[in-house]
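Participant: Have a peek at upload25.cif (mmCIF, C-alpha atoms).
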data_coords
#
loop_
_atom_site.label_atom_id
_atom_site.label_comp_id
_atom_site.auth_asym_id
_atom_site.auth_seq_id
_atom_site.Cartn_x
_atom_site.Cartn_y
_atom_site.Cartn_z
CA PHE A 1 2.83 16.09 -4.18
CA ILE A 2 2.72 19.52 -2.56
CA GLU A 3 5.84 20.54 -4.46
CA ALA A 4 4.34 19.31 -7.73
CA ALA A 5 1.18 21.35 -7.10
CA VAL A 6 3.19 24.47 -6.27
CA LEU A 7 5.26 24.08 -9.46
CA SER A 8 1.99 23.81 -11.38
CA GLY A 9 0.98 27.23 -10.04
CA TYR A 10 -1.56 26.24 -7.38
CA ASN A 11 -2.06 27.67 -3.91
CA ILE A 12 -1.98 25.11 -1.10
CA ILE A 13 -4.38 24.70 1.81
CA GLY A 14 -2.66 22.35 4.27
CA PHE A 15 -3.97 20.36 7.23
CA ASP A 16 -1.98 18.41 9.82
CA LYS A 17 -2.24 17.68 13.53
CA ASN A 18 1.37 18.81 13.99
CA LYS A 19 2.01 22.52 14.15
CA SER A 20 5.16 22.37 12.00
CA PRO A 21 4.75 19.49 9.52
CA TYR A 22 6.88 18.78 6.49
CA CYS A 23 6.23 21.28 3.63
CA ILE A 24 4.35 23.76 5.83
CA GLU A 25 6.44 26.53 4.29
CA GLN A 26 4.86 25.77 0.91
CA CYS A 27 1.31 26.15 2.19
CA ASN A 28 -0.48 29.43 1.48
CA HIS A 29 -2.91 28.54 4.25
CA PHE A 30 -2.26 26.05 7.05
CA TYR A 31 -4.57 24.69 9.75
CA LYS A 32 -3.55 22.56 12.70
CA VAL A 33 -6.28 19.97 12.12
CA ALA A 34 -5.79 16.19 11.96
CA ILE A 35 -6.27 14.82 8.44
CA ASP A 36 -8.96 12.39 9.66
CA ASN A 37 -11.05 15.25 11.13
CA LYS A 38 -13.06 15.47 7.94
CA CYS A 39 -15.93 17.53 9.32
CA GLU A 40 -13.65 20.34 10.48
CA ILE A 41 -11.72 20.25 7.20
CA LYS A 42 -15.03 20.48 5.32
CA ARG A 43 -16.05 23.50 7.42
CA ILE A 44 -12.77 25.30 6.69
CA LEU A 45 -12.75 24.49 2.98
CA SER A 46 -16.30 25.77 2.57
CA LYS A 47 -14.84 29.29 2.96
CA PHE A 48 -12.60 28.89 -0.11
CA LYS A 49 -13.51 29.19 -3.78
CA ASP A 50 -12.06 27.37 -6.78
CA VAL A 51 -10.64 24.34 -4.94
CA ILE A 52 -9.56 22.02 -7.76
CA GLY A 53 -8.50 18.92 -5.86
CA CYS A 54 -7.76 17.14 -2.61
CA ILE A 55 -4.73 14.88 -2.04
CA SER A 56 -3.56 12.66 0.82
CA GLU A 57 -1.50 9.82 -0.59
CA GLN A 58 0.24 8.43 2.49
CA THR A 59 -2.46 6.96 4.73
CA ASP A 60 -5.85 5.30 4.47
CA SER A 61 -7.25 7.52 7.23
CA GLY A 62 -6.38 10.56 5.10
CA LEU A 63 -7.92 8.86 2.08
CA GLU A 64 -11.31 8.77 3.79
CA THR A 65 -11.15 12.54 4.14
CA VAL A 66 -10.20 12.86 0.47
CA GLY A 67 -13.34 10.94 -0.56
CA TYR A 68 -15.47 12.99 1.82
CA ILE A 69 -14.18 16.30 0.44
CA ASN A 70 -14.35 15.10 -3.17
CA SER A 71 -18.04 14.30 -2.74
CA PHE A 72 -18.75 17.54 -0.87
CA LEU A 73 -17.07 19.79 -3.44
CA GLY A 74 -17.72 17.67 -6.54
CA LEU A 75 -14.00 17.15 -7.23
CA ARG A 76 -12.31 14.57 -9.44
CA GLY A 77 -11.09 11.43 -7.76
CA PRO A 78 -12.59 8.72 -5.55
CA SER A 79 -15.93 9.45 -3.90
CA GLU A 80 -16.81 9.08 -0.23
CA ILE A 81 -18.64 5.81 -0.97
CA ILE A 82 -15.62 4.32 -2.73
CA THR A 83 -13.06 5.35 -0.10
CA SER A 84 -15.28 4.11 2.74
CA ASP A 85 -15.77 0.74 1.04
CA LEU A 86 -12.05 0.30 0.33
CA ARG A 87 -11.09 1.42 3.83
CA ASN A 88 -13.14 -1.45 5.27
CA LYS A 89 -11.36 -4.72 4.43
CA TYR A 90 -14.52 -6.79 4.90
CA LEU A 91 -16.50 -4.67 2.43
CA GLN A 92 -13.53 -4.83 0.09
CA ARG A 93 -13.57 -8.63 0.28
CA GLN A 94 -17.32 -8.77 -0.34
CA THR A 95 -17.02 -6.67 -3.50
CA ALA A 96 -14.13 -8.77 -4.78
CA GLU A 97 -16.13 -11.93 -4.13
CA ALA A 98 -19.14 -10.57 -6.01
CA PHE A 99 -16.96 -9.90 -9.08
CA GLY A 100 -15.17 -13.26 -8.96
CA ILE A 101 -11.76 -11.82 -8.07
CA GLU A 102 -9.26 -14.35 -6.74
CA GLN A 103 -8.66 -13.86 -3.02
CA PRO A 104 -8.36 -15.87 0.21
CA LYS A 105 -11.30 -17.43 2.02
CA PHE A 106 -12.57 -14.94 4.62
CA LEU A 107 -14.94 -14.73 7.55
CA LEU A 108 -16.04 -11.80 9.70
CA TYR A 109 -15.46 -12.54 13.38
CA CYS A 110 -18.48 -12.34 15.64
CA ASP A 111 -18.91 -13.36 19.27
CA ASN A 112 -21.60 -16.04 18.86
CA PRO A 113 -21.75 -19.85 18.50
CA MET A 114 -22.33 -19.71 14.73
CA PHE A 115 -18.86 -18.26 14.20
CA SER A 116 -17.25 -21.43 15.58
CA THR A 117 -19.32 -23.57 13.22
CA ASP A 118 -18.56 -21.32 10.26
CA PHE A 119 -14.85 -21.32 11.09
CA LYS A 120 -14.72 -25.11 11.16
CA ASN A 121 -16.58 -25.39 7.88
CA MET A 122 -14.40 -22.84 6.10
CA PHE A 123 -10.88 -23.36 7.46
CA SER A 124 -10.60 -27.00 8.57
CA ASN A 125 -8.48 -27.80 5.50
CA VAL A 126 -6.31 -24.68 5.84
CA ASP A 127 -2.96 -24.60 7.65
CA SER A 128 -3.04 -21.04 9.01
CA VAL A 129 -5.28 -17.99 9.16
CA ILE A 130 -4.54 -14.28 9.30
CA VAL A 131 -6.52 -12.09 11.69
CA LYS A 132 -6.68 -8.33 11.07
CA PRO A 133 -8.85 -5.31 11.93
CA THR A 134 -11.41 -4.49 9.26
CA VAL A 135 -10.25 -0.88 9.48
CA GLY A 136 -6.53 -0.43 9.96
CA GLN A 137 -3.23 0.43 8.30
CA SER A 138 0.56 -0.03 8.52
CA SER A 139 0.13 -3.76 9.32
CA ILE A 140 -0.87 -2.90 12.89
CA GLY A 141 -3.07 -5.45 14.67
CA ILE A 142 -2.35 -8.33 12.27
CA PHE A 143 -1.77 -11.82 13.69
CA GLU A 144 -1.26 -15.34 12.37
CA PHE A 145 -2.82 -18.44 13.95
CA LYS A 146 -2.43 -22.12 13.19
CA VAL A 147 -5.88 -23.50 12.42
CA GLU A 148 -5.14 -26.58 14.51
CA GLU A 149 -4.64 -24.39 17.59
CA VAL A 150 -7.77 -22.34 16.89
CA LEU A 151 -9.87 -25.50 16.56
CA ARG A 152 -8.40 -26.86 19.81
CA LYS A 153 -9.55 -23.72 21.65
CA ILE A 154 -12.96 -23.78 20.01
CA ASN A 155 -13.43 -27.40 21.07
CA ILE A 156 -12.86 -26.48 24.74
CA ASN A 157 -15.19 -23.47 24.43
CA GLU A 158 -12.42 -20.85 24.39
CA ASP A 159 -12.68 -17.84 22.10
CA PRO A 160 -9.29 -17.48 20.36
CA PHE A 161 -9.97 -14.03 18.93
CA PHE A 162 -11.91 -12.26 21.69
CA GLU A 163 -8.95 -10.29 23.08
CA ILE A 164 -7.88 -9.11 19.63
CA ALA A 165 -11.39 -7.90 18.86
CA LYS A 166 -11.51 -6.22 22.25
CA GLN A 167 -8.35 -4.26 21.42
CA PHE A 168 -8.81 -3.54 17.71
CA GLY A 169 -12.56 -3.64 17.13
CA THR A 170 -14.22 -5.62 14.34
CA ILE A 171 -11.80 -8.17 12.88
CA LEU A 172 -11.55 -10.24 9.73
CA VAL A 173 -10.30 -13.83 9.65
CA GLU A 174 -8.89 -15.05 6.35
CA GLU A 175 -6.88 -17.88 4.87
CA LYS A 176 -3.11 -17.38 4.83
CA LEU A 177 -1.96 -17.40 1.21
CA GLU A 178 1.31 -18.85 0.00
CA GLY A 179 3.46 -17.18 -2.64
CA LYS A 180 5.52 -14.08 -3.29
CA ASP A 181 4.46 -10.66 -2.06
CA VAL A 182 3.97 -8.17 -4.89
CA SER A 183 2.55 -4.66 -5.09
CA ILE A 184 1.17 -2.93 -8.17
CA ASP A 185 0.97 0.85 -8.49
CA GLY A 186 -0.70 2.85 -11.21
CA PHE A 187 -3.49 5.29 -11.98
CA VAL A 188 -6.84 5.65 -13.74
CA SER A 189 -7.49 8.68 -15.97
CA GLY A 190 -10.68 9.12 -17.94
CA GLY A 191 -11.46 5.46 -17.40
CA GLN A 192 -8.10 4.38 -18.85
CA ILE A 193 -5.92 2.20 -16.59
CA SER A 194 -2.15 2.74 -16.58
CA ILE A 195 0.05 0.39 -14.55
CA ALA A 196 3.28 2.10 -13.57
CA LEU A 197 5.30 0.16 -11.00
CA ILE A 198 5.54 -3.51 -10.01
CA CYS A 199 7.40 -4.22 -6.75
CA ASP A 200 8.67 -7.51 -5.34
CA LYS A 201 8.32 -7.16 -1.58
CA PHE A 202 10.49 -8.82 1.04
CA LYS A 203 9.37 -8.90 4.65
CA ASN A 204 11.17 -8.10 7.87
CA LYS A 205 12.31 -11.39 9.36
CA ARG A 206 11.34 -10.20 12.85
CA ASN A 207 7.85 -9.17 11.72
CA LYS A 208 6.63 -10.95 8.61
CA PHE A 209 3.76 -8.50 8.10
CA VAL A 210 6.10 -5.51 7.63
CA ASP A 211 8.01 -4.69 4.44
CA GLN A 212 11.78 -4.39 4.68
CA LEU A 213 12.89 -4.24 1.08
CA LEU A 214 11.15 -3.39 -2.20
CA ILE A 215 12.63 -4.08 -5.61
CA GLY A 216 10.57 -2.16 -8.14
CA SER A 217 10.47 -2.11 -11.92
CA ARG A 218 8.39 -0.45 -14.62
CA TYR A 219 5.31 -2.33 -15.81
CA SER A 220 5.89 -4.30 -19.01
CA TYR A 221 2.91 -5.47 -21.09
CA LEU A 222 4.97 -8.51 -22.17
CA ASP A 223 6.10 -9.57 -18.70
CA HIS A 224 3.02 -8.64 -16.67
CA VAL A 225 0.05 -9.97 -18.64
CA ASN A 226 -1.59 -11.57 -15.59
CA GLU A 227 -1.10 -8.42 -13.52
CA LYS A 228 -2.78 -6.32 -16.22
CA MET A 229 -5.83 -8.61 -16.37
CA PHE A 230 -6.08 -8.69 -12.58
CA VAL A 231 -5.90 -4.89 -12.26
CA GLU A 232 -8.54 -4.34 -14.94
CA GLN A 233 -10.91 -6.73 -13.17
CA LEU A 234 -10.30 -5.19 -9.73
CA VAL A 235 -10.44 -1.53 -10.73
CA GLY A 236 -13.49 -2.18 -12.88
CA ALA A 237 -15.31 -3.75 -9.93
CA HIS A 238 -15.09 -0.49 -7.97
CA ASN A 239 -15.34 1.91 -10.92
CA ILE A 240 -12.64 4.29 -9.66
CA ASP A 241 -11.36 7.13 -11.84
CA ASP A 242 -8.92 10.07 -11.78
CA CYS A 243 -6.77 8.68 -8.99
CA PHE A 244 -3.82 6.46 -8.14
CA PHE A 245 -4.17 2.86 -6.98
CA HIS A 246 -1.96 0.59 -4.87
CA ILE A 247 -2.69 -3.15 -4.94
CA GLU A 248 -1.04 -5.82 -2.78
CA VAL A 249 -1.22 -9.40 -4.01
CA LYS A 250 0.26 -12.86 -3.61
CA ARG A 251 1.76 -14.39 -6.73
CA TYR A 252 1.95 -18.19 -6.79
CA ALA A 253 2.90 -19.95 -10.02
CA ASN A 254 0.73 -18.20 -12.63
CA LYS A 255 -2.00 -17.18 -10.21
CA ILE A 256 -2.52 -13.83 -8.53
CA LYS A 257 -4.69 -13.39 -5.45
CA LEU A 258 -5.72 -10.19 -3.73
CA ILE A 259 -4.39 -9.28 -0.29
CA GLU A 260 -5.80 -5.75 -0.22
CA TRP A 261 -5.85 -2.56 -2.23
CA THR A 262 -6.66 1.12 -2.06
CA CYS A 263 -7.29 4.08 -4.37
CA ARG A 264 -4.19 6.05 -3.40
CA GLY A 265 -0.52 5.69 -4.19
CA GLY A 266 1.82 3.42 -2.27
CA GLY A 267 2.94 5.12 0.94
CA SER A 268 6.36 5.72 2.51
CA GLY A 269 7.68 7.26 -0.70
CA VAL A 270 6.72 4.46 -3.11
CA SER A 271 4.47 6.67 -5.24
CA SER A 272 6.11 10.01 -4.47
CA ILE A 273 9.80 9.12 -4.90
CA MET A 274 10.45 5.54 -5.98
CA ALA A 275 8.02 5.63 -8.92
CA SER A 276 9.53 8.86 -10.24
CA ASN A 277 13.05 7.46 -10.13
CA VAL A 278 12.13 4.14 -11.73
CA LEU A 279 9.87 5.64 -14.41
CA GLY A 280 12.13 8.55 -15.23
CA LEU A 281 9.37 11.15 -14.88
CA ASP A 282 7.67 13.21 -12.20
CA TYR A 283 5.06 10.76 -10.90
CA ALA A 284 3.80 13.32 -8.37
CA LYS A 285 2.99 15.66 -11.27
CA ILE A 286 0.76 12.93 -12.72
CA ARG A 287 -1.30 13.12 -9.51
CA ILE A 288 -1.85 16.82 -10.17
CA ASN A 289 -2.77 16.06 -13.80
CA LEU A 290 -5.47 13.72 -12.51
CA LEU A 291 -6.99 16.49 -10.40
CA GLU A 292 -7.07 18.72 -13.47
CA GLY A 293 -8.63 16.05 -15.67
CA SER A 294 -5.71 16.13 -18.10
CA ILE A 295 -4.61 12.69 -19.25
CA PRO A 296 -0.93 12.10 -18.36
CA LEU A 297 1.59 11.30 -21.04
CA GLN A 298 2.25 7.65 -21.79
CA MET A 299 5.21 6.30 -19.85
CA ILE A 300 7.69 5.26 -22.53
CA SER A 301 11.39 4.67 -21.97
CA ALA A 302 14.07 2.73 -23.81
CA ASN A 303 15.68 1.59 -20.57
CA GLN A 304 14.27 -0.68 -17.91
CA ILE A 305 15.13 0.80 -14.52
CA ILE A 306 15.13 -1.07 -11.22
CA GLY A 307 14.67 0.74 -7.91
CA VAL A 308 15.65 -0.64 -4.51
CA MET A 309 13.89 0.77 -1.44
CA LEU A 310 14.84 -0.09 2.12
CA PHE A 311 12.62 0.35 5.17
CA PHE A 312 14.33 0.78 8.52
CA ASP A 313 13.37 1.55 12.09
CA ASN A 314 13.31 5.28 12.75
CA HIS A 315 15.77 4.95 15.62
CA ALA A 316 18.27 2.91 13.58
CA ARG A 317 20.79 3.97 10.98
CA PRO A 318 20.25 2.41 7.54
CA ASP A 319 23.80 1.09 7.48
CA GLN A 320 23.20 -0.79 10.73
CA THR A 321 19.87 -2.33 9.81
CA GLU A 322 19.79 -6.10 9.60
CA LEU A 323 17.95 -7.35 6.53
CA LEU A 324 16.28 -10.62 5.73
CA ASP A 325 18.01 -13.24 3.59
CA LEU A 326 15.77 -12.88 0.52
CA GLU A 327 15.02 -16.58 0.34
CA LYS A 328 18.67 -17.73 0.52
CA LYS A 329 19.81 -15.28 -2.15
CA SER A 330 22.36 -12.56 -1.62
CA VAL A 331 20.81 -9.86 0.50
CA PHE A 332 22.64 -6.62 -0.04
CA TRP A 333 23.66 -4.55 -2.99
CA GLU A 334 26.73 -2.31 -3.14
CA TYR A 335 25.38 0.31 -5.54
CA SER A 336 28.77 1.99 -5.99
CA ASN A 337 29.93 -1.07 -7.96
CA ILE A 338 27.17 -0.61 -10.54
CA PRO A 339 27.97 1.72 -13.46
CA ASN A 340 25.78 4.83 -13.70
CA ALA A 341 23.74 3.87 -10.64
CA THR A 342 22.21 6.80 -8.80
CA LYS A 343 21.61 7.05 -5.10
CA GLY A 344 18.07 8.02 -4.23
CA PRO A 345 16.97 10.36 -1.42
CA SER A 346 15.48 9.39 1.91
CA THR A 347 11.74 10.01 1.88
CA GLY A 348 11.73 11.23 5.47
CA VAL A 349 8.26 9.74 5.76
CA ARG A 350 7.27 7.77 8.83
CA ASP A 351 4.47 5.25 8.80
CA GLY A 352 2.30 3.89 11.59
CA ARG A 353 5.16 1.75 12.87
CA ASP A 354 7.53 4.72 13.10
CA ARG A 355 9.64 3.50 10.19
CA LYS A 356 11.32 5.50 7.49
CA SER A 357 12.13 4.47 3.97
CA LYS A 358 15.05 5.22 1.71
CA LEU A 359 15.37 4.71 -2.01
CA ILE A 360 18.95 3.48 -1.94
CA ALA A 361 19.52 3.21 -5.68
CA CYS A 362 18.29 2.94 -9.25
CA PHE A 363 20.07 1.22 -12.11
CA GLN A 364 19.50 -0.12 -15.60
CA THR A 365 18.90 -3.86 -15.77
CA ALA A 366 20.38 -3.94 -19.28
CA GLN A 367 23.79 -3.61 -17.67
CA PHE A 368 23.24 -6.94 -15.92
CA LYS A 369 21.23 -8.89 -18.45
CA ASN A 370 23.10 -12.13 -17.89
CA GLU A 371 24.40 -11.59 -14.39
CA HIS A 372 23.02 -12.16 -10.92
CA ILE A 373 22.67 -8.86 -9.13
CA GLU A 374 23.89 -9.00 -5.57
CA ILE A 375 22.29 -6.64 -3.12
CA LYS A 376 24.51 -5.31 -0.39
CA LEU A 377 23.80 -2.62 2.17
CA LEU A 378 26.46 0.08 2.47
#
Have the structure of the file written as structure tokens, please.
Facilitator:
Amino acid sequence: FIEAAVLSGYNIIGFDKNKSPYCIEQCNHFYKVAIDNKCEIKRILSKFKDVIGCISEQTDSGLETVGYINSFLGLRGPSEIITSDLRNKYLQRQTAEAFGIEQPKFLLYCDNPMFSTDFKNMFSNVDSVIVKPTVGQSSIGIFEFKVEEVLRKININEDPFFEIAKQFGTILVEEKLEGKDVSIDGFVSGGQISIALICDKFKNKRNKFVDQLLIGSRYSYLDHVNEKMFVEQLVGAHNIDDCFFHIEVKRYANKIKLIEWTCRGGGSGVSSIMASNVLGLDYAKIRINLLEGSIPLQMISANQIIGVMLFFDNHARPDQTELLDLEKKSVFWEYSNIPNATKGPSTGVRDGRDRKSKLIACFQTAQFKNEHIEIKLL
């Protein structure tokens, strides 16, 4: 995104807690300030004139600062109210409920006797629940509990969630949904919604809350009718504009239910690198267009491109990373056996779990219209 802004002729004011972060050499001004220190960033920016936009697409903590600065300077993009509401998963659930958006049953944990009663009433017919901080990111602090075990503890006056709340603060308890994990990336410009990338997500078999492999394809209005309707309902509920969005859902049969979403692009290179490779255009440049208020070009291509992105532990080599079995299907893909396939770059981006991601390839599905594509790690 910084490179796209530089190529568009803009000067860059950069903030990071590290003294030598990635792309510092492209900043005209740099300040060693953490991106979640929004008050200090506001103080510094008040000295500059003609600021046209604020971007932080990798983390939700940075997104809060984006909303804060947008509201302070009157910039395009999500406001402080919107980013604060989306950052809090309980408020996000409440808004979705008010607009009739499909999602799991949910309950805010509180340390009082009524919670036990409410839990029994809501989840007695559910197999498992997911417990997560209301404010968090990178799947940190997420746990799964069998309802039977929770009820057993409640019946003997034990609090099953007290220690989690003690460590992570306010927590949300919600029904565990069945189905396939899918993410939807796109943007809103002038009130018009454009869906760009649909990813099938496969989880790490050692930690089922963490992505290990993404298989992404361009949005198709013929193949993704339900996704389009769901996105329009969700984005309309929050009235966002001039920004990216990243939505995580569960798809089961013909139904789609919300896991969570945010008004920034998918992190770890999904919106900055994978989307560009799959769409065949500079997706980061679209983010700059949104700051300018210029409506991006329609994404039209004759070829359907598939991108494969692998997440691996920072300390491990990608060629030594053990992957999950993709529901009994072939796991790995030897991209060198695919005609005209291109190897993608490593994003070099770490997330909250100290992982990196690598776009390992892109290829045209037309080459394999009637064949099963095997995925094999080099």
Participant: Within 10 Å of stretch 287-289 of chain A, counting all atoms listed in the file, which residues qualify if same-chain residues fewer than 5 places away don't, as a PyMOL selection string?
Facilitator: chain A and resi 1-2+4-6+8+10+52-55+57+187+189+242-244+264-265+271-272+282+294-297
Participant: Distance atom CA of A:Val66-atom CA of A:Val210, one decimal place?
Facilitator: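 Atom CA of A:Val210 lies at a distance of 25.6 Å from atom CA of A:Val66.
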Participant: Restrict the calculation to only C-alpha atoms, then for each residue of stretch 185-299 of chain A with any atom at most 12 Å from an atom of stretch 114-132 of chain A give the closest atom pair and their distance in Å to one decimal, rows by chain and rising residue number, as a Markdown table.
Facilitator:
| residue | atom | partner | partner_atom | distance |
| --- | --- | --- | --- | --- |
| A:Lys208 | CA | A:Ile130 | CA | 11.7 |
| A:Phe209 | CA | A:Ile130 | CA | 10.2 |
| A:Ile259 | CA | A:Ile130 | CA | 10.8 |
| A:Glu260 | CA | A:Lys132 | CA | 11.6 |
Participant: Enter the distance from atom CA of A:Asp241 to atom CA of A:Phe106, in Å, rounded to one decimal.
Facilitator: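 Atom CA of A:Asp241 sits 27.6 Å away from atom CA of A:Phe106.
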Participant: Taking 2 positions as the minimum chain separation for residues in the same chain, which residues sit within 9 Å of A:Ala196 when counting all atoms listed in the file? Answer as a ChimeraX atom specification.
Facilitator: /A:184-187,194,198,217-220,275,279,299
Participant: Applied to this file, what does the PyMOL selection byres ((chain A and resi 44) around 12) return in terms of residues, put as a PDB file with C-alpha atoms, in the coordinates of the input?
Facilitator:
ATOM      1  CA  ILE A  13      -4.380  24.700   1.810  1.00  0.00           C
ATOM      2  CA  GLY A  14      -2.660  22.350   4.270  1.00  0.00           C
ATOM      3  CA  PHE A  15      -3.970  20.360   7.230  1.00  0.00           C
ATOM      4  CA  HIS A  29      -2.910  28.540   4.250  1.00  0.00           C
ATOM      5  CA  PHE A  30      -2.260  26.050   7.050  1.00  0.00           C
ATOM      6  CA  TYR A  31      -4.570  24.690   9.750  1.00  0.00           C
ATOM      7  CA  LYS A  32      -3.550  22.560  12.700  1.00  0.00           C
ATOM      8  CA  VAL A  33      -6.280  19.970  12.120  1.00  0.00           C
ATOM      9  CA  ASN A  37     -11.050  15.250  11.130  1.00  0.00           C
ATOM     10  CA  LYS A  38     -13.060  15.470   7.940  1.00  0.00           C
ATOM     11  CA  CYS A  39     -15.930  17.530   9.320  1.00  0.00           C
ATOM     12  CA  GLU A  40     -13.650  20.340  10.480  1.00  0.00           C
ATOM     13  CA  ILE A  41     -11.720  20.250   7.200  1.00  0.00           C
ATOM     14  CA  LYS A  42     -15.030  20.480   5.320  1.00  0.00           C
ATOM     15  CA  ARG A  43     -16.050  23.500   7.420  1.00  0.00           C
ATOM     16  CA  LEU A  45     -12.750  24.490   2.980  1.00  0.00           C
ATOM     17  CA  SER A  46     -16.300  25.770   2.570  1.00  0.00           C
ATOM     18  CA  LYS A  47     -14.840  29.290   2.960  1.00  0.00           C
ATOM     19  CA  PHE A  48     -12.600  28.890  -0.110  1.00  0.00           C
ATOM     20  CA  LYS A  49     -13.510  29.190  -3.780  1.00  0.00           C
ATOM     21  CA  VAL A  51     -10.640  24.340  -4.940  1.00  0.00           C
ATOM     22  CA  ILE A  69     -14.180  16.300   0.440  1.00  0.00           C
TER      23      ILE A  69
END
Participant: For the file shown, report as a list in words the outcome of the PyMOL selection byres ((chain A and resi 73-89) around 7) at residue level.
Facilitator: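 On this input, the PyMOL selection byres ((chain A and resi 73-89) around 7) captures Ile52, Gly53, Asp60, Leu63, Glu64, Gly67, Tyr68, Ile69, Asn70, Ser71, Phe72, Tyr90, Leu91, Gln92, Arg93, Thr134, Val135, Ile240, Asp241, Asp242, Cys243, Thr262 and Leu291 of chain A.
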Participant: If I take atom CA of A:Leu172 and atom CA of A:Val147, how far is one from the other in Å, to one decimal?
Facilitator: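 If I compute the distance from atom CA of A:Leu172 to atom CA of A:Val147, I get 14.7 Å.
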Participant: With only C-alpha atoms counted and 10 Å as the cut-off, give the residues of stretch 102-220 of chain A in contact with stretch 235-238 of chain A, each with its shortest interatomic distance in Å and the pair that gives it, as a Markdown table.
Facilitator:
| residue | atom | partner | partner_atom | distance |
| --- | --- | --- | --- | --- |
| A:Phe187 | CA | A:Val235 | CA | 9.8 |
| A:Val188 | CA | A:Val235 | CA | 8.6 |
| A:Gly191 | CA | A:Gly236 | CA | 9.1 |
| A:Ile193 | CA | A:Val235 | CA | 8.3 |
Participant: So that I have them on file, write out the residues from the current selection with C-alpha atoms, as a PDB file, in the coordinates of the input.
Facilitator:
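Output saved as selection.pdb:
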ATOM      1  CA  PHE A 187      -3.490   5.290 -11.980  1.00  0.00           C
ATOM      2  CA  VAL A 188      -6.840   5.650 -13.740  1.00  0.00           C
ATOM      3  CA  GLY A 191     -11.460   5.460 -17.400  1.00  0.00           C
ATOM      4  CA  ILE A 193      -5.920   2.200 -16.590  1.00  0.00           C
TER       5      ILE A 193
END
Participant: Residues near A:Glu178, anyone? I mean within 9 Å using all atoms listed in the file, not counting same-chain ones fewer than 6 positions away, as a list in words.
Facilitator: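 What passes the distance filter is Lys250, Arg251 and Tyr252 of chain A.
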Participant: Hey, what's within 7 Å of A:Pro133 if we count all atoms listed in the file and toss same-chain stuff fewer than 6 positions away? As a tab-separated table (two decimals) with C-alpha atoms, keeping the file's coordinate frame, please?
Facilitator:
chain	number	residue	atom	x	y	z
A	141	GLY	CA	-3.07	-5.45	14.67
A	168	PHE	CA	-8.81	-3.54	17.71
A	169	GLY	CA	-12.56	-3.64	17.13
A	170	THR	CA	-14.22	-5.62	14.34
A	171	ILE	CA	-11.80	-8.17	12.88
A	172	LEU	CA	-11.55	-10.24	9.73
